[in-house]
>>> print(open('final38.cif').read())   # mmCIF, C-alpha atoms
data_data
#
loop_
_atom_site.label_atom_id
_atom_site.label_comp_id
_atom_site.auth_asym_id
_atom_site.auth_seq_id
_atom_site.Cartn_x
_atom_site.Cartn_y
_atom_site.Cartn_z
CA MET A 1 -53.51 -151.36 -97.76
CA ASN A 2 -57.16 -152.07 -98.42
CA ILE A 3 -58.43 -149.32 -100.68
CA THR A 4 -61.90 -150.72 -101.38
CA PRO A 5 -63.66 -148.44 -98.81
CA LEU A 6 -61.81 -145.45 -100.24
CA ILE A 7 -63.10 -146.22 -103.72
CA ASP A 8 -66.63 -146.65 -102.35
CA VAL A 9 -66.53 -143.26 -100.64
CA VAL A 10 -65.11 -141.58 -103.72
CA PHE A 11 -67.87 -143.05 -105.91
CA LEU A 12 -70.48 -141.82 -103.46
CA LEU A 13 -68.98 -138.33 -103.58
CA ILE A 14 -69.05 -138.35 -107.37
CA VAL A 15 -72.70 -139.41 -107.43
CA PHE A 16 -73.52 -136.73 -104.84
CA PHE A 17 -71.92 -133.94 -106.86
CA MET A 18 -73.51 -135.16 -110.09
CA ILE A 19 -77.00 -135.07 -108.56
CA VAL A 20 -76.53 -131.74 -106.75
CA ASN A 21 -75.18 -130.11 -109.87
CA ASN A 22 -78.24 -131.13 -111.89
CA ILE A 23 -80.75 -130.00 -109.26
CA VAL A 24 -79.11 -126.62 -108.74
CA THR A 25 -78.78 -126.00 -112.49
CA ASP A 26 -82.53 -126.50 -112.94
CA ASP A 27 -83.51 -124.33 -109.98
CA ALA A 28 -80.88 -121.63 -110.40
CA PRO A 29 -80.11 -120.75 -114.02
CA PRO A 30 -77.36 -118.14 -114.27
CA MET A 31 -78.53 -114.58 -113.89
CA GLN A 32 -77.60 -111.43 -112.02
CA LEU A 33 -79.75 -111.00 -108.93
CA PRO A 34 -80.35 -107.62 -107.27
CA THR A 35 -77.60 -106.37 -104.98
CA LEU A 36 -79.05 -104.51 -102.03
CA GLU A 37 -77.93 -101.73 -99.73
CA LYS A 38 -77.88 -103.17 -96.20
CA PRO A 39 -79.73 -106.28 -97.35
CA GLN A 40 -82.50 -107.64 -95.19
CA ALA A 41 -82.44 -110.88 -97.13
CA PHE A 42 -81.81 -114.14 -95.36
CA ALA A 43 -81.30 -117.72 -96.47
CA PRO A 44 -84.75 -119.35 -96.33
CA GLU A 45 -85.18 -122.63 -94.54
CA GLY A 46 -87.55 -125.18 -95.88
CA GLU A 47 -87.32 -128.28 -97.95
CA ARG A 48 -90.41 -127.83 -100.07
CA ARG A 49 -89.97 -124.86 -102.31
CA VAL A 50 -91.16 -123.66 -105.68
CA VAL A 51 -88.47 -121.67 -107.47
CA ILE A 52 -89.70 -119.43 -110.28
CA ASN A 53 -86.95 -118.08 -112.52
CA VAL A 54 -87.35 -115.05 -114.78
CA VAL A 55 -84.39 -115.47 -117.10
CA PRO A 56 -83.22 -112.55 -119.24
CA VAL A 57 -81.98 -112.60 -122.80
CA ASP A 58 -78.75 -110.81 -122.01
CA SER A 59 -77.39 -111.18 -118.51
CA PHE A 60 -74.50 -108.84 -117.88
CA LYS A 61 -71.30 -109.82 -116.16
CA GLY A 62 -70.37 -108.65 -112.73
CA LYS A 63 -72.44 -107.46 -109.82
CA PRO A 64 -74.14 -104.06 -109.97
CA GLY A 65 -73.28 -101.70 -107.14
CA PRO A 66 -76.05 -100.04 -105.15
CA GLY A 67 -76.48 -96.33 -105.68
CA LEU A 68 -74.56 -96.19 -108.95
CA PRO A 69 -76.11 -94.49 -111.98
CA ASP A 70 -78.06 -96.81 -114.17
CA ASP A 71 -75.78 -96.49 -117.18
CA THR A 72 -72.63 -97.52 -115.34
CA VAL A 73 -74.36 -100.48 -113.84
CA PHE A 74 -75.99 -101.88 -116.87
CA GLY A 75 -73.84 -100.58 -119.71
CA PRO A 76 -72.90 -97.25 -121.30
CA LEU A 77 -75.64 -94.98 -122.64
CA ASP A 78 -74.38 -95.18 -126.19
CA GLU A 79 -75.00 -98.92 -126.14
CA PRO A 80 -78.42 -99.24 -124.59
CA ARG A 81 -79.19 -102.74 -123.50
CA GLN A 82 -82.74 -103.77 -124.06
CA VAL A 83 -82.97 -106.50 -121.51
CA LYS A 84 -86.06 -108.55 -122.07
CA ILE A 85 -87.35 -111.76 -120.51
CA ARG A 86 -86.03 -114.76 -122.43
CA HIS A 87 -88.15 -117.34 -120.67
CA LEU A 88 -89.84 -118.23 -117.41
CA GLN A 89 -88.63 -121.41 -115.77
CA ILE A 90 -89.88 -123.74 -113.07
CA GLY A 91 -87.52 -126.68 -112.64
CA SER A 92 -86.62 -127.77 -116.13
CA THR A 93 -89.83 -126.51 -117.78
CA LYS A 94 -89.52 -123.27 -119.72
CA TRP A 95 -91.98 -120.85 -121.30
CA GLU A 96 -90.43 -118.55 -123.88
CA LEU A 97 -91.41 -114.91 -124.00
CA SER A 98 -88.79 -113.83 -126.56
CA ASP A 99 -86.24 -115.40 -128.84
CA VAL A 100 -82.48 -115.52 -128.40
CA THR A 101 -81.99 -112.07 -129.92
CA GLY A 102 -84.54 -110.45 -127.60
CA LEU A 103 -87.32 -110.15 -130.15
CA PRO A 104 -90.55 -110.73 -128.22
CA VAL A 105 -92.96 -113.41 -129.32
CA SER A 106 -96.36 -112.46 -130.67
CA PRO A 107 -98.91 -111.20 -128.09
CA GLU A 108 -100.99 -114.35 -128.56
CA LYS A 109 -98.01 -116.59 -127.88
CA LYS A 110 -97.04 -114.49 -124.91
CA GLN A 111 -100.52 -114.73 -123.47
CA LYS A 112 -100.55 -118.49 -124.03
CA ALA A 113 -97.14 -118.84 -122.41
CA LEU A 114 -98.24 -116.88 -119.35
CA GLU A 115 -101.38 -118.99 -119.05
CA ASP A 116 -99.43 -122.24 -119.29
CA PHE A 117 -96.94 -120.89 -116.80
CA ARG A 118 -99.73 -120.03 -114.37
CA LYS A 119 -101.26 -123.49 -114.69
CA LYS A 120 -97.95 -125.23 -114.13
CA ALA A 121 -97.09 -122.98 -111.18
CA SER A 122 -100.49 -123.71 -109.68
CA GLU A 123 -99.97 -127.48 -110.09
CA VAL A 124 -96.53 -127.39 -108.53
CA ILE A 125 -97.63 -125.24 -105.59
CA LYS A 126 -100.62 -127.48 -104.95
CA ASP A 127 -98.47 -130.59 -105.17
CA ARG A 128 -95.91 -129.22 -102.72
CA PHE A 129 -98.69 -128.08 -100.40
CA GLU A 130 -100.36 -131.48 -100.32
CA SER A 131 -97.09 -133.30 -99.83
CA GLY A 132 -96.22 -131.01 -96.93
CA SER A 133 -99.10 -131.99 -94.67
CA GLY A 134 -101.01 -128.79 -95.24
CA ARG A 135 -98.11 -126.37 -94.91
CA PRO A 136 -97.59 -124.01 -97.82
CA PRO A 137 -94.29 -124.29 -99.67
CA LEU A 138 -91.71 -121.54 -99.99
CA ILE A 139 -92.33 -119.62 -103.22
CA LEU A 140 -89.11 -118.06 -104.46
CA LEU A 141 -89.01 -115.51 -107.27
CA ARG A 142 -85.57 -115.25 -108.91
CA CYS A 143 -85.56 -112.32 -111.29
CA ASP A 144 -82.64 -110.72 -113.08
CA ALA A 145 -81.74 -107.28 -111.74
CA ALA A 146 -81.63 -105.67 -115.19
CA LEU A 147 -85.19 -106.48 -116.19
CA LYS A 148 -87.68 -103.64 -116.31
CA TYR A 149 -90.62 -103.36 -114.00
CA GLU A 150 -93.12 -103.43 -116.89
CA ASP A 151 -91.83 -106.91 -117.80
CA VAL A 152 -91.65 -108.29 -114.28
CA TYR A 153 -95.02 -107.10 -113.00
CA PRO A 154 -97.13 -109.40 -115.26
CA VAL A 155 -95.10 -112.38 -114.05
CA LEU A 156 -95.66 -111.33 -110.45
CA THR A 157 -99.38 -111.09 -111.14
CA GLU A 158 -99.47 -114.58 -112.65
CA VAL A 159 -97.62 -115.98 -109.63
CA LEU A 160 -100.21 -114.45 -107.31
CA ASN A 161 -102.99 -115.85 -109.49
CA ALA A 162 -101.39 -119.29 -109.38
CA MET A 163 -101.25 -119.11 -105.59
CA GLY A 164 -104.91 -118.16 -105.53
CA GLU A 165 -105.79 -121.18 -107.68
CA ALA A 166 -103.68 -123.66 -105.77
CA LEU A 167 -104.35 -122.61 -102.18
CA SER A 168 -107.39 -121.61 -100.20
CA PRO A 169 -107.91 -117.84 -99.90
CA ASP A 170 -106.83 -117.70 -96.26
CA ILE A 171 -103.69 -119.71 -96.83
CA ALA A 172 -102.81 -117.87 -100.04
CA ALA A 173 -103.18 -114.52 -98.29
CA ALA A 174 -100.85 -115.68 -95.52
CA THR A 175 -98.24 -117.14 -97.88
CA PRO A 176 -95.52 -114.67 -98.78
CA ILE A 177 -93.47 -114.59 -101.94
CA HIS A 178 -89.73 -114.68 -101.36
CA ILE A 179 -87.89 -112.21 -103.59
CA VAL A 180 -84.39 -113.54 -104.11
CA ALA A 181 -81.39 -111.21 -103.89
CA TYR A 182 -77.75 -111.42 -102.91
CA ILE A 183 -76.99 -111.39 -99.22
CA GLU A 184 -73.92 -110.25 -97.36
CA GLU A 185 -71.77 -112.96 -95.85
CA MET B 1 -11.28 -188.99 -117.10
CA GLU B 2 -11.04 -192.32 -118.74
CA GLN B 3 -11.76 -192.60 -122.37
CA ARG B 4 -14.05 -195.21 -123.70
CA PRO B 5 -12.32 -197.89 -125.71
CA ASP B 6 -14.66 -197.55 -128.72
CA SER B 7 -14.58 -193.77 -129.04
CA PRO B 8 -13.88 -192.59 -132.63
CA ASN B 9 -11.31 -190.07 -131.53
CA PRO B 10 -9.40 -191.47 -128.71
CA THR B 11 -7.60 -188.14 -128.05
CA LYS B 12 -10.77 -186.04 -127.69
CA PRO B 13 -12.47 -186.25 -124.33
CA GLU B 14 -16.24 -186.89 -124.21
CA PHE B 15 -18.85 -185.71 -121.71
CA PRO B 16 -20.05 -188.42 -119.40
CA LEU B 17 -23.64 -189.55 -120.18
CA VAL B 18 -24.80 -189.85 -116.57
CA ASP B 19 -23.04 -188.65 -113.49
CA ASP B 20 -24.81 -188.44 -110.13
CA GLU B 21 -22.26 -186.09 -108.67
CA LEU B 22 -22.80 -183.50 -111.39
CA ASP B 23 -26.66 -183.74 -111.36
CA SER B 24 -27.00 -181.07 -108.69
CA GLU B 25 -25.07 -178.56 -110.80
CA ILE B 26 -27.35 -178.89 -113.80
CA VAL B 27 -29.92 -176.00 -114.11
CA HIS B 28 -33.37 -177.26 -115.04
CA HIS B 29 -35.18 -174.61 -117.17
CA VAL B 30 -38.80 -173.82 -116.16
CA SER B 31 -40.85 -171.65 -118.56
CA GLN B 32 -42.61 -168.41 -117.42
CA ARG B 33 -46.02 -169.81 -118.45
CA LYS B 34 -45.65 -172.62 -116.00
CA LYS B 35 -44.68 -170.20 -113.27
CA ARG B 36 -47.78 -168.02 -113.94
CA ARG B 37 -50.08 -171.01 -114.15
CA LYS B 38 -49.10 -172.02 -110.67
CA GLY B 39 -50.38 -168.62 -109.42
CA VAL B 40 -54.01 -168.85 -110.83
CA GLY B 41 -56.44 -168.14 -107.96
CA GLY B 42 -53.49 -167.60 -105.64
CA GLU B 43 -51.10 -164.80 -104.68
CA GLY B 44 -49.63 -164.31 -108.14
CA MET B 45 -52.73 -162.48 -109.67
CA GLU B 46 -53.12 -158.69 -109.03
CA LEU B 47 -55.71 -156.15 -110.12
CA GLN B 48 -54.22 -152.83 -111.19
CA LEU B 49 -56.31 -150.07 -109.59
CA THR B 50 -53.97 -147.11 -109.94
CA SER B 51 -55.33 -145.90 -113.28
CA MET B 52 -58.94 -146.26 -112.18
CA ILE B 53 -58.30 -144.24 -109.03
CA ASP B 54 -56.64 -141.52 -111.09
CA VAL B 55 -59.69 -141.24 -113.35
CA ILE B 56 -62.04 -141.26 -110.36
CA PHE B 57 -60.18 -138.40 -108.69
CA GLN B 58 -60.24 -136.43 -111.95
CA LEU B 59 -64.02 -136.84 -112.12
CA LEU B 60 -64.39 -135.84 -108.49
CA ILE B 61 -62.35 -132.69 -108.96
CA TYR B 62 -64.40 -131.77 -112.05
CA PHE B 63 -67.72 -132.07 -110.22
CA ILE B 64 -66.43 -130.22 -107.18
CA ILE B 65 -65.32 -127.30 -109.34
CA THR B 66 -68.51 -127.15 -111.39
CA ALA B 67 -70.86 -127.54 -108.42
CA ASN B 68 -72.93 -124.47 -107.55
CA PHE B 69 -74.58 -124.31 -104.16
CA MET B 70 -76.32 -120.90 -104.32
CA ILE B 71 -74.72 -119.94 -101.02
CA ASP B 72 -74.85 -116.19 -101.56
CA GLU B 73 -78.56 -115.94 -102.34
CA GLY B 74 -81.15 -114.91 -99.83
CA THR B 75 -84.77 -113.85 -99.88
CA ILE B 76 -86.89 -110.97 -98.67
CA LEU B 77 -90.42 -111.82 -97.62
CA ALA B 78 -93.08 -110.03 -99.63
CA SER B 79 -96.67 -110.51 -98.54
CA LEU B 80 -98.40 -109.09 -101.58
CA PRO B 81 -102.15 -108.65 -101.94
CA GLY B 82 -103.55 -110.22 -105.06
CA ASN B 83 -106.52 -112.12 -106.35
CA ALA B 84 -105.93 -114.73 -103.68
CA ALA B 85 -108.03 -113.14 -100.99
CA PRO B 86 -110.91 -110.84 -101.91
CA PRO B 87 -111.21 -108.05 -99.35
CA THR B 88 -113.65 -108.97 -96.66
CA GLU B 89 -114.10 -105.45 -95.48
CA GLU B 90 -113.77 -102.03 -96.97
CA PRO B 91 -110.52 -100.31 -96.05
CA PRO B 92 -110.99 -97.29 -93.83
CA PRO B 93 -111.48 -94.24 -96.06
CA ASP B 94 -108.94 -92.12 -94.26
CA VAL B 95 -106.00 -94.47 -94.82
CA VAL B 96 -104.25 -93.48 -98.00
CA PRO B 97 -101.04 -95.29 -98.79
CA ILE B 98 -97.81 -93.39 -98.94
CA LYS B 99 -96.63 -93.64 -102.53
CA ILE B 100 -93.00 -94.00 -103.42
CA ASN B 101 -92.84 -92.88 -107.05
CA MET B 102 -89.73 -94.12 -108.80
CA LEU B 103 -88.74 -92.28 -111.95
CA SER B 104 -85.85 -93.30 -114.14
CA SER B 105 -83.49 -90.62 -115.28
CA ASN B 106 -80.09 -90.28 -116.88
CA ASP B 107 -78.42 -90.36 -113.49
CA GLY B 108 -80.33 -93.39 -112.35
CA VAL B 109 -83.54 -93.31 -110.37
CA THR B 110 -85.25 -90.51 -108.46
CA TYR B 111 -87.59 -91.13 -105.57
CA LYS B 112 -90.57 -88.89 -104.94
CA LEU B 113 -92.82 -89.48 -101.97
CA GLU B 114 -96.51 -88.59 -101.96
CA ILE B 115 -97.91 -88.32 -98.47
CA ASP B 116 -101.59 -87.62 -97.86
CA GLU B 117 -101.77 -85.54 -94.71
CA GLY B 118 -105.51 -85.01 -94.62
CA MET B 119 -105.39 -81.38 -95.63
CA GLY B 120 -103.66 -82.15 -98.89
CA VAL B 121 -100.93 -84.17 -100.51
CA SER B 122 -97.37 -83.26 -99.67
CA ARG B 123 -94.50 -84.26 -101.85
CA LYS B 124 -90.96 -84.94 -100.88
CA GLU B 125 -88.02 -85.92 -103.02
CA VAL B 126 -85.15 -88.04 -101.75
CA ASN B 127 -81.86 -88.58 -103.50
CA ASN B 128 -81.15 -92.18 -102.73
CA VAL B 129 -82.31 -95.26 -100.90
CA SER B 130 -80.37 -94.37 -97.75
CA GLU B 131 -82.30 -91.13 -97.39
CA LEU B 132 -85.53 -93.00 -98.05
CA TYR B 133 -84.74 -95.41 -95.26
CA ALA B 134 -83.77 -92.55 -92.92
CA TYR B 135 -87.08 -90.80 -93.66
CA PHE B 136 -89.19 -93.82 -92.80
CA ASN B 137 -87.00 -94.76 -89.85
CA ASP B 138 -87.60 -91.35 -88.30
CA ARG B 139 -91.35 -91.41 -88.89
CA VAL B 140 -92.16 -94.96 -87.86
CA GLY B 141 -93.07 -94.93 -84.22
CA SER B 142 -93.74 -91.17 -84.12
CA ASP B 143 -96.35 -89.96 -86.59
CA MET B 144 -96.54 -93.11 -88.62
CA LYS B 145 -97.42 -96.66 -87.68
CA ALA B 146 -95.50 -99.68 -88.93
CA ASP B 147 -98.60 -101.13 -90.57
CA ASP B 148 -99.54 -97.95 -92.43
CA PRO B 149 -99.77 -98.87 -96.11
CA VAL B 150 -96.90 -97.96 -98.40
CA GLN B 151 -97.07 -98.45 -102.15
CA ILE B 152 -94.03 -98.65 -104.39
CA ASN B 153 -94.93 -97.10 -107.76
CA PRO B 154 -92.10 -97.51 -110.28
CA GLN B 155 -92.15 -96.21 -113.81
CA ASN B 156 -92.28 -98.94 -116.42
CA ASP B 157 -88.62 -98.69 -117.38
CA VAL B 158 -87.22 -98.75 -113.85
CA ARG B 159 -85.00 -101.79 -113.38
CA TRP B 160 -85.97 -104.53 -110.99
CA GLN B 161 -82.71 -103.89 -109.12
CA HIS B 162 -83.95 -100.49 -107.89
CA VAL B 163 -87.45 -101.70 -107.11
CA VAL B 164 -86.13 -104.45 -104.85
CA ASN B 165 -83.67 -102.00 -103.27
CA VAL B 166 -86.55 -99.70 -102.28
CA PHE B 167 -88.52 -102.66 -100.99
CA ASN B 168 -85.50 -103.70 -98.94
CA ALA B 169 -85.26 -100.20 -97.45
CA CYS B 170 -88.93 -100.38 -96.42
CA VAL B 171 -88.40 -103.79 -94.80
CA ARG B 172 -85.33 -102.41 -93.04
CA ALA B 173 -87.45 -99.56 -91.64
CA GLU B 174 -89.79 -102.25 -90.27
CA LEU B 175 -92.72 -101.29 -92.41
CA GLU B 176 -95.21 -104.14 -92.50
CA SER B 177 -97.60 -103.22 -95.26
CA VAL B 178 -95.63 -102.59 -98.44
CA GLY B 179 -97.05 -103.33 -101.87
CA PHE B 180 -96.26 -102.84 -105.54
CA ALA B 181 -98.40 -100.68 -107.78
CA PRO B 182 -99.44 -102.11 -111.13
CA ALA B 183 -97.20 -101.33 -114.06
CA GLN B 184 -98.45 -98.28 -115.90
CA GLY B 185 -100.35 -99.03 -119.06
CA GLY B 186 -102.10 -102.08 -117.68
CA GLY B 187 -98.94 -104.11 -117.05
#
>>> encode(input="final38.cif", output="structure tokens")
Amino acid sequence: MNITPLIDVVFLLIVFFMIVNNIVTDDAPPMQLPTLEKPQAFAPEGERRVVINVVPVDSFKGKPGPGLPDDTVFGPLDEPRQVKIRHLQIGSTKWELSDVTGLPVSPEKKQKALEDFRKKASEVIKDRFESGSGRPPLILLRCDAALKYEDVYPVLTEVLNAMGEALSPDIAAATPIHIVAYIEE
Amino acid sequence: MEQRPDSPNPTKPEFPLVDDELDSEIVHHVSQRKKRRKGVGGEGMELQLTSMIDVIFQLLIYFIITANFMIDEGTILASLPGNAAPPTEEPPPDVVPIKINMLSSNDGVTYKLEIDEGMGVSRKEVNNVSELYAYFNDRVGSDMKADDPVQINPQNDVRWQHVVNVFNACVRAELESVGFAPAQGGG
């Protein structure tokens, strides 16, 4: 039996899974996304995408259920979890907003990190736009469900600013942000 | 068997030195090295692939198990106003967005609607996201248009989970103009 083609196919499969694993790990660091009631989320189609990850310090295990009290979803009241943003991530580039223990960086460092993040996001969006023959890329915002609104809103603002820098006003106004959540199957 | 006349022990038989009849019964020893040498470049040489295939399949199984394809993630479209497009015209003065105030409490989150009805601001409290959706679903198409502005106004410590859930309910009710209010305290 000639097994040379079998070995070739198996090697190709190994290379495929090695590459896919690396790409997905960069674009989808582990976190707990929002679980929605009757989700209107859908799987986006499009090859050119910019995935912005807001990674928390302490990501809890298990999916939160919709409509449950906050303490049973995110931990008992006697052990309050201060979930802060660990870092922002685009691809493999990271900008730290707090250390491993959740202690936030100094306000100057945070401001600098947000500025660098905005510049990088603007570069990536512009690059994807120009390589897509004038069509704007998909901009996905992956944010942990346990983060507080006061922490997420500045990131959202910087993303909008980056879109304004990278795209013309008309195109930026017509380009939506995709908020990532779990969908029903 | 005849004995030779000059043998030292005439009674002891001796083996014949050469005998053509017995030549075919003699076994000629051939070493293993000579046998293997004959097979160089021919059928005798084999490459053992079994171990390599075992290792390859182990690697394949490892990468299959550790692969993550993000198959259960989807997105909700959010067309948010920002610094991207400065307003080209003043919004009509009589259009005041409906505010969905989200307040965190011990039991979770409470939702309080502020609706400007011209004569004053009316307030309504809903218990959960399902009621919120039902409220908008009833109003859209009757006394409310789908593109009437709605603003989600969470308190600073409301989790992102609840904010997105409210946004999802608004999208489900087919509201087209939903935005997020700035975080209190400057954000």
>>> resolve_selection(input="final38.cif", expression="the PyMOL selection byres ((chain A) within 7 of (chain B))", output="count of residues only")
42
>>> atom_distance(input="final38.cif", atom1="CA of Asn137 (chain B)", atom2="CA of Leu140 (chain A)")
27.6 Å
>>> closest_residue(input="final38.cif", among="B:Ala134, B:Val95, B:Val178, B:Ala173", to="Val150 (chain B)", atoms="all atoms listed in the file")
B:Val178
>>> resolve_selection(input="final38.cif", expression="the PyMOL selection byres ((chain A and resi 54-57) around 7)", output="VMD selection string")
chain A and resid 31 52 to 53 58 to 59 83 to 89 100 102 142 to 144
>>> write_last_selection(input="final38.cif", atoms="C-alpha atoms", output="tab-separated table (two decimals), in the coordinates of the input")
chain	number	residue	atom	x	y	z
A	31	MET	CA	-78.53	-114.58	-113.89
A	52	ILE	CA	-89.70	-119.43	-110.28
A	53	ASN	CA	-86.95	-118.08	-112.52
A	58	ASP	CA	-78.75	-110.81	-122.01
A	59	SER	CA	-77.39	-111.18	-118.51
A	83	VAL	CA	-82.97	-106.50	-121.51
A	84	LYS	CA	-86.06	-108.55	-122.07
A	85	ILE	CA	-87.35	-111.76	-120.51
A	86	ARG	CA	-86.03	-114.76	-122.43
A	87	HIS	CA	-88.15	-117.34	-120.67
A	88	LEU	CA	-89.84	-118.23	-117.41
A	89	GLN	CA	-88.63	-121.41	-115.77
A	100	VAL	CA	-82.48	-115.52	-128.40
A	102	GLY	CA	-84.54	-110.45	-127.60
A	142	ARG	CA	-85.57	-115.25	-108.91
A	143	CYS	CA	-85.56	-112.32	-111.29
A	144	ASP	CA	-82.64	-110.72	-113.08
>>> residues_around(input="final38.cif", residues="region 122-131 of chain A", least_positions_apart="5", cutoff="10 Å", atoms="only C-alpha atoms", output="number ranges by chain")
A: 47-51, 90-91, 116-117, 136-139, 158-167
